[in-house]
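Engineer: Quick one: structure below, then a few questions.
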Amino acid sequence: ESTAEQKLSCLRTQQQFYKTWVTKLHDGRGCSHIHDPVDADCFATVADCPTHCLAIPTSVLRTRKLLKANPPLTLVTGGGDHHGVQSVKKSNAEALFYPTDGDSFDFIVVGGGSAGSVVASRLTENENVKVLLLEAGGYPPLESEYPSWFTLLARSVYDYNITSTDDGKTAQNLQGKVVTLNQAKVLGGSSTIHHMMHTNGDPEDYNGWAKMLNDKKWSFKYAQKYLKKMETLVDQHLLQPEDIKFHGTDGPILVAKDTRKSNEKYLKAFEELGHKIVSDINAVIPAVGYTENMFEIANGLRQSSALGYLGRAKHRPNLCLALYSTVTKILIEDQKAVGVEVTTASGETYKVYADKEVIVSAGAINGPKLLMLSGIGPQKHLESFGIDVVADLPVGQNLQDHSSAAIVVKTDKCDATTPAANPHQFPIPSFNGYVSLDNSTTTADYEAINLDFPCNSNDVLQLGVNMFSYSYDISQRIFDATKDRKVIFTQVGLSMPKSRGQVLLASTDPAVNPQVYTGTFSNEDDVDLIARAFMDHVRILDTTYFKSINASIVDMGVCKDAKTEYEFWRCYAVSMSATMWHYAGTCAMGMVLDSDLNVLGIDSLRVVDASAMPTLIRGKLYAGVMMLAEYGADIIRKDWGI
């Protein structure tokens, strides 16, 4: 009888062996000859790799498949043709090169993540525009390509491993009583490590932006064009004919519906409660109902922005990519951004310059940190660190996430046979609900992400311990519930929370992660709403099917002093609160940026990523981020006539 902690350790060892074995299959010669391009002392497997290695040894080898390039993307070098650009050599052990100190480009994009990949790719469609894309991490690893392995990526070397600050109230049943804020440190950013569920949000989310900004271009009427521009719908036969028109047909990101026979009985149960069952949540207005999920998965592989957008740009000599390059400061002269300061993995520092603009796409947590280190942020906060203020703006404020907590329902049912896991698809059946409580609103009040785990599942343990960071006691309870029983792991989260947090500097050292106060459930209305959301969701236990399998909620051993159901769920949601990894709003339009994504008071500096969102969108964040990046690229091209 293993404890949850022992079991997880065993699983990681098994997965490492499997990953190495798959790598050898792809390579044909084994992987002993492969080493990391940053450090020649790195070993052949992650298990043997010293902690200072910055990427798994397979990353360079996998580059060709990921980007479908031979040769792959242009890497910046210290000499050669214009701006020191050479094509990467066809060597698995290729060393990385960097720009020469003082080099200049038309645009510098900081961050090769979800949004930055889009911006760099779109701008370089004009062959006369030279773009430098700077990414602190390396190429995506093998495990990021296989959809079923997504739980391996959180809290890994491909993650900044940022944690929230303990507020003494929320997340008290998580490890360390803090939330692990997954922020990818790898090409493709969060699209390389996230869960791949694809939702566009509700039209009213974008209409709300337009009203807040007094700028109709952000309304759904215009945003929808870019939501469709980013995607290609595959397996169209799985959707109703009337739904197909809401999807794109020639975008870089391939999207498909994941239909599983086992979901039918669950959807029927929610229909019994009066919920609408919809074929495609992205094709209904308002976006309310229960549905099977759309995923950014096609041809058995994750469809990251690195694959979709940079893959299309692989042969462009005007797109220069510098990996393992951390931007430590934006260079500002006379209230104008003129370039950036960069530190390489080996500790070398250089400066590069932008003839037109610097575009920050570093995410909702690291982006504000960079701006504040550069003198853009709350004046008193910056002065407390001795930083000269060039623009007094509420950078880092307005942090938002879909406040959430998880419950687990156990059954007395165990399927006679459980098929072997397919690494090329999402590892378990899933279905989501977007629910308006008591029909009091036309838009969704809460979201329920439901994951159907088979008996004796190891994946549910990884989900609890590694991704949600629940304490080992809580994770043990979840793990015990799976013994010879199926379980449904449900994350219930608020669709449009009122609570706000903040990102603050912890140090003037760029290598130090910022302080993050999530502010989760800091607004009393959110606590009330999440309690009512849980009370609404657990009505499922009274439906015909759930009664037939003797379904019950797994006791997590918390909130024993609650006197009423409402009090219990208030206590439960706060103490078990986790994250949906949907961070946004910290450089919001209308506060830090204008509606064209320009930083207020600073010329030639924009922010194009989730931090620019004034509010969250309902559902998953990724499609909204990609829409914003597509739109942002068009705004930039229009402003510069390119």
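Identifiers in the structure tokens: chain A, B, ... in order shown; residue index from 1 per chain; ligand index from 1 in order shown.
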Return as a ChimeraX atom specification the full set of residues in range 302-388 of chain A whose backbone-based DSSP assignment is strand (DSSP E or B).
Structural biologist: /A:302,319-322,325-333,336-344,349-360,376-377
Engineer: Write out as JSON lines the residues of range 454-518 of chain A that have any atom within 10 Å of an atom of range 578-602 of chain A, one row each with the nearest atom pair and its distance in Å to one decimal, counting only C-alpha atoms, sorted by chain and then rising number.
Structural biologist:
{"residue": "A:Met467", "atom": "CA", "partner": "A:Thr579", "partner_atom": "CA", "distance": 9.5}
{"residue": "A:Phe468", "atom": "CA", "partner": "A:Ala578", "partner_atom": "CA", "distance": 6.4}
{"residue": "A:Ser469", "atom": "CA", "partner": "A:Ala578", "partner_atom": "CA", "distance": 8.3}
{"residue": "A:Tyr470", "atom": "CA", "partner": "A:Ala578", "partner_atom": "CA", "distance": 8.4}
{"residue": "A:Gln491", "atom": "CA", "partner": "A:Met580", "partner_atom": "CA", "distance": 8.6}
{"residue": "A:Val492", "atom": "CA", "partner": "A:Met580", "partner_atom": "CA", "distance": 9.6}
{"residue": "A:Gly493", "atom": "CA", "partner": "A:Met580", "partner_atom": "CA", "distance": 7.8}
{"residue": "A:Leu494", "atom": "CA", "partner": "A:Met580", "partner_atom": "CA", "distance": 10.0}
{"residue": "A:Arg500", "atom": "CA", "partner": "A:Gly585", "partner_atom": "CA", "distance": 9.2}
{"residue": "A:Gly501", "atom": "CA", "partner": "A:Thr586", "partner_atom": "CA", "distance": 9.0}
{"residue": "A:Gln502", "atom": "CA", "partner": "A:Thr586", "partner_atom": "CA", "distance": 7.4}
{"residue": "A:Val503", "atom": "CA", "partner": "A:Thr586", "partner_atom": "CA", "distance": 7.5}
{"residue": "A:Thr518", "atom": "CA", "partner": "A:Thr579", "partner_atom": "CA", "distance": 9.3}
Engineer: If I take CA of Leu321 in chain A and CA of Glu135 in chain A, how far is one from the other in Å, to one decimal?
Structural biologist: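 Interatomic distance here is 7.7 Å.
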Engineer: Determine, counting only C-alpha atoms, which protein, DNA and RNA residues have an atom within 12 Å of an atom of Lys265 in chain A; residues of the same chain fewer than 5 positions away are not included. Present the result as a list in words.
Structural biologist: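 Answer for this query is Arg260, Phe270, Glu271, Glu272, Ile277, Phe431, Asp452, Ile540, Thr543, Thr544, Tyr545, Phe546, Ser548 and Ile549 of chain A.
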Engineer: Write a file of the just-selected residues containing C-alpha atoms, as a PDB file, in the first residue's frame.
Structural biologist:
ATOM      1  CA  ARG A 260     -16.291  10.082 -26.177  1.00  0.00           C
ATOM      2  CA  PHE A 270     -27.097  17.351 -16.382  1.00  0.00           C
ATOM      3  CA  GLU A 271     -29.884  17.643 -18.927  1.00  0.00           C
ATOM      4  CA  GLU A 272     -32.169  16.018 -16.344  1.00  0.00           C
ATOM      5  CA  ILE A 277     -26.674  20.386 -23.836  1.00  0.00           C
ATOM      6  CA  PHE A 431     -17.010  17.623 -20.477  1.00  0.00           C
ATOM      7  CA  ASP A 452     -13.766  11.240 -15.784  1.00  0.00           C
ATOM      8  CA  ILE A 540     -26.132  16.096  -9.900  1.00  0.00           C
ATOM      9  CA  THR A 543     -30.120  12.487 -10.819  1.00  0.00           C
ATOM     10  CA  THR A 544     -31.134   9.048 -12.037  1.00  0.00           C
ATOM     11  CA  TYR A 545     -27.748   7.965 -13.317  1.00  0.00           C
ATOM     12  CA  PHE A 546     -25.706   9.233 -10.386  1.00  0.00           C
ATOM     13  CA  SER A 548     -27.696   4.290  -9.893  1.00  0.00           C
ATOM     14  CA  ILE A 549     -23.938   4.292  -9.307  1.00  0.00           C
TER      15      ILE A 549
END
Engineer: Give me, as number ranges by chain, all polymer residues having an atom no more than 7 Å from Ala306 in chain A, counting only C-alpha atoms and skipping those fewer than 4 positions away in the same chain.
Structural biologist: A: 117, 187-188, 310-311
Engineer: Please determine, counting only C-alpha atoms, which residue among A:Asp480, A:Asp603, A:Gly274, A:Ser499 has the shortest atom-to-atom distance to Val435 in chain A.
Structural biologist: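 Among the listed residues, A:Gly274 lies closest to Val435 in chain A.
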Engineer: Measure the distance from CA of Leu254 in chain A to CA of Leu301 in chain A in Å and round it to one decimal.
Structural biologist: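 About the pair CA of Leu254 in chain A and CA of Leu301 in chain A: they are 9.8 Å apart.
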Engineer: Using DSSP on the backbone coordinates, identify the residues of range 344-396 of chain A assigned to helix (DSSP H, G or I); present them as a ChimeraX atom specification.
Structural biologist: /A:363-373,379-383
Engineer: Could the residues in this selection be written to a file with N, CA and C atoms, as a PDB file, in the first residue's frame?
Structural biologist:
ATOM      1  N   GLY A 363       3.763  37.883 -20.585  1.00  0.00           N
ATOM      2  CA  GLY A 363       2.762  37.290 -19.716  1.00  0.00           C
ATOM      3  C   GLY A 363       2.320  38.213 -18.596  1.00  0.00           C
ATOM      4  N   ALA A 364       1.248  37.805 -17.917  1.00  0.00           N
ATOM      5  CA  ALA A 364       0.593  38.670 -16.938  1.00  0.00           C
ATOM      6  C   ALA A 364       1.327  38.757 -15.613  1.00  0.00           C
ATOM      7  N   ILE A 365       2.363  37.946 -15.420  1.00  0.00           N
ATOM      8  CA  ILE A 365       3.142  38.009 -14.179  1.00  0.00           C
ATOM      9  C   ILE A 365       4.543  38.546 -14.441  1.00  0.00           C
ATOM     10  N   ASN A 366       5.232  37.998 -15.420  1.00  0.00           N
ATOM     11  CA  ASN A 366       6.592  38.463 -15.705  1.00  0.00           C
ATOM     12  C   ASN A 366       6.621  39.758 -16.508  1.00  0.00           C
ATOM     13  N   GLY A 367       5.579  40.017 -17.279  1.00  0.00           N
ATOM     14  CA  GLY A 367       5.516  41.277 -18.015  1.00  0.00           C
ATOM     15  C   GLY A 367       5.520  42.485 -17.092  1.00  0.00           C
ATOM     16  N   PRO A 368       4.640  42.517 -16.086  1.00  0.00           N
ATOM     17  CA  PRO A 368       4.670  43.629 -15.131  1.00  0.00           C
ATOM     18  C   PRO A 368       6.007  43.757 -14.405  1.00  0.00           C
ATOM     19  N   LYS A 369       6.621  42.625 -14.088  1.00  0.00           N
ATOM     20  CA  LYS A 369       7.930  42.681 -13.426  1.00  0.00           C
ATOM     21  C   LYS A 369       8.939  43.412 -14.303  1.00  0.00           C
ATOM     22  N   LEU A 370       8.965  43.083 -15.601  1.00  0.00           N
ATOM     23  CA  LEU A 370       9.904  43.731 -16.515  1.00  0.00           C
ATOM     24  C   LEU A 370       9.625  45.228 -16.616  1.00  0.00           C
ATOM     25  N   LEU A 371       8.357  45.599 -16.747  1.00  0.00           N
ATOM     26  CA  LEU A 371       8.030  47.021 -16.845  1.00  0.00           C
ATOM     27  C   LEU A 371       8.457  47.764 -15.587  1.00  0.00           C
ATOM     28  N   MET A 372       8.206  47.176 -14.425  1.00  0.00           N
ATOM     29  CA  MET A 372       8.573  47.850 -13.175  1.00  0.00           C
ATOM     30  C   MET A 372      10.084  47.969 -13.021  1.00  0.00           C
ATOM     31  N   LEU A 373      10.817  46.925 -13.400  1.00  0.00           N
ATOM     32  CA  LEU A 373      12.282  47.007 -13.355  1.00  0.00           C
ATOM     33  C   LEU A 373      12.810  48.082 -14.303  1.00  0.00           C
ATOM     34  N   GLN A 379       4.537  54.559  -8.574  1.00  0.00           N
ATOM     35  CA  GLN A 379       5.687  55.375  -8.184  1.00  0.00           C
ATOM     36  C   GLN A 379       6.240  55.002  -6.811  1.00  0.00           C
ATOM     37  N   LYS A 380       5.384  54.915  -5.799  1.00  0.00           N
ATOM     38  CA  LYS A 380       5.870  54.633  -4.444  1.00  0.00           C
ATOM     39  C   LYS A 380       6.536  53.269  -4.365  1.00  0.00           C
ATOM     40  N   HIS A 381       5.958  52.295  -5.057  1.00  0.00           N
ATOM     41  CA  HIS A 381       6.523  50.946  -5.028  1.00  0.00           C
ATOM     42  C   HIS A 381       7.900  50.928  -5.680  1.00  0.00           C
ATOM     43  N   LEU A 382       8.040  51.582  -6.812  1.00  0.00           N
ATOM     44  CA  LEU A 382       9.334  51.596  -7.500  1.00  0.00           C
ATOM     45  C   LEU A 382      10.378  52.359  -6.692  1.00  0.00           C
ATOM     46  N   GLU A 383       9.972  53.466  -6.109  1.00  0.00           N
ATOM     47  CA  GLU A 383      10.920  54.261  -5.328  1.00  0.00           C
ATOM     48  C   GLU A 383      11.403  53.505  -4.100  1.00  0.00           C
TER      49      GLU A 383
END
Engineer: Kindly give the distance, in Å, that separates CA of Val327 in chain A and CA of Gly111 in chain A, rounded to a single decimal.
Structural biologist: 8.6 Å
Engineer: Check which residues of range 278-355 of chain A sit at most 12 Å from range 118-123 of chain A using only C-alpha atoms, and return one row each with the closest pair of atoms and their distance in Å to one decimal, ordered by chain and rising number, as JSON lines.
Structural biologist:
{"residue": "A:Ser304", "atom": "CA", "partner": "A:Val118", "partner_atom": "CA", "distance": 10.7}
{"residue": "A:Ser305", "atom": "CA", "partner": "A:Val118", "partner_atom": "CA", "distance": 6.9}
{"residue": "A:Ala306", "atom": "CA", "partner": "A:Val118", "partner_atom": "CA", "distance": 8.6}
{"residue": "A:Leu307", "atom": "CA", "partner": "A:Val118", "partner_atom": "CA", "distance": 10.8}
{"residue": "A:Gly308", "atom": "CA", "partner": "A:Val118", "partner_atom": "CA", "distance": 8.9}
{"residue": "A:Tyr309", "atom": "CA", "partner": "A:Val118", "partner_atom": "CA", "distance": 5.9}
{"residue": "A:Leu310", "atom": "CA", "partner": "A:Ser121", "partner_atom": "CA", "distance": 6.0}
{"residue": "A:Gly311", "atom": "CA", "partner": "A:Ser121", "partner_atom": "CA", "distance": 8.9}
{"residue": "A:Arg312", "atom": "CA", "partner": "A:Ser121", "partner_atom": "CA", "distance": 7.6}
{"residue": "A:Ala313", "atom": "CA", "partner": "A:Ser121", "partner_atom": "CA", "distance": 5.8}
{"residue": "A:Lys314", "atom": "CA", "partner": "A:Ser121", "partner_atom": "CA", "distance": 9.2}
{"residue": "A:His315", "atom": "CA", "partner": "A:Ser121", "partner_atom": "CA", "distance": 11.1}
{"residue": "A:Arg316", "atom": "CA", "partner": "A:Ser121", "partner_atom": "CA", "distance": 9.3}
{"residue": "A:Pro317", "atom": "CA", "partner": "A:Ser121", "partner_atom": "CA", "distance": 11.8}
{"residue": "A:Asn318", "atom": "CA", "partner": "A:Leu123", "partner_atom": "CA", "distance": 9.7}
{"residue": "A:Leu319", "atom": "CA", "partner": "A:Ala120", "partner_atom": "CA", "distance": 7.3}
{"residue": "A:Cys320", "atom": "CA", "partner": "A:Ala120", "partner_atom": "CA", "distance": 9.2}
{"residue": "A:Leu321", "atom": "CA", "partner": "A:Ala120", "partner_atom": "CA", "distance": 9.5}
Engineer: Of the candidates A:Val516, A:Leu133, A:Met212, A:Ala612, which shows the shortest atom-to-atom distance to Leu181 in chain A, using only C-alpha atoms?
Structural biologist: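 Going through A:Val516, A:Leu133, A:Met212, A:Ala612 one by one, the smallest distance to Leu181 in chain A is for A:Val516.
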Engineer: Go through A:Ser104, A:Leu437, A:Phe489, A:Leu331 one by one, measure the shortest atom-to-atom distance of each to Leu461 in chain A using only C-alpha atoms, and give the residue with the smallest value.
Structural biologist: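 Comparing A:Ser104, A:Leu437, A:Phe489, A:Leu331 against Leu461 in chain A, the winner is A:Phe489.
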Engineer: Using only C-alpha atoms, which protein or nucleic acid residues come within 8 Å of Leu134 in chain A? Drop anything in the same chain fewer than 5 positions from it, and give the result as a list in words.
Structural biologist: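 Here the qualifying residues turn out to be Ile108, Val109, Val110, Gly111, Gly112, Leu321, Ala322, Leu323, Ser325, Thr326 and Val327 of chain A.
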Engineer: Pick the closest to Ala506 in chain A from A:Ser114, A:Ser384, A:Gln303, A:Asn458: which is it, counting only C-alpha atoms?
Structural biologist: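 When distances to Ala506 in chain A are compared using only C-alpha atoms, the smallest one comes from A:Ser384.
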Engineer: Go through A:Leu621, A:Val352, A:Ile407, A:Val608 and flag the residue nearest Ser552 in chain A, using only C-alpha atoms for the distances.
Structural biologist: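 Closest to Ser552 in chain A, using only C-alpha atoms: A:Ile407.
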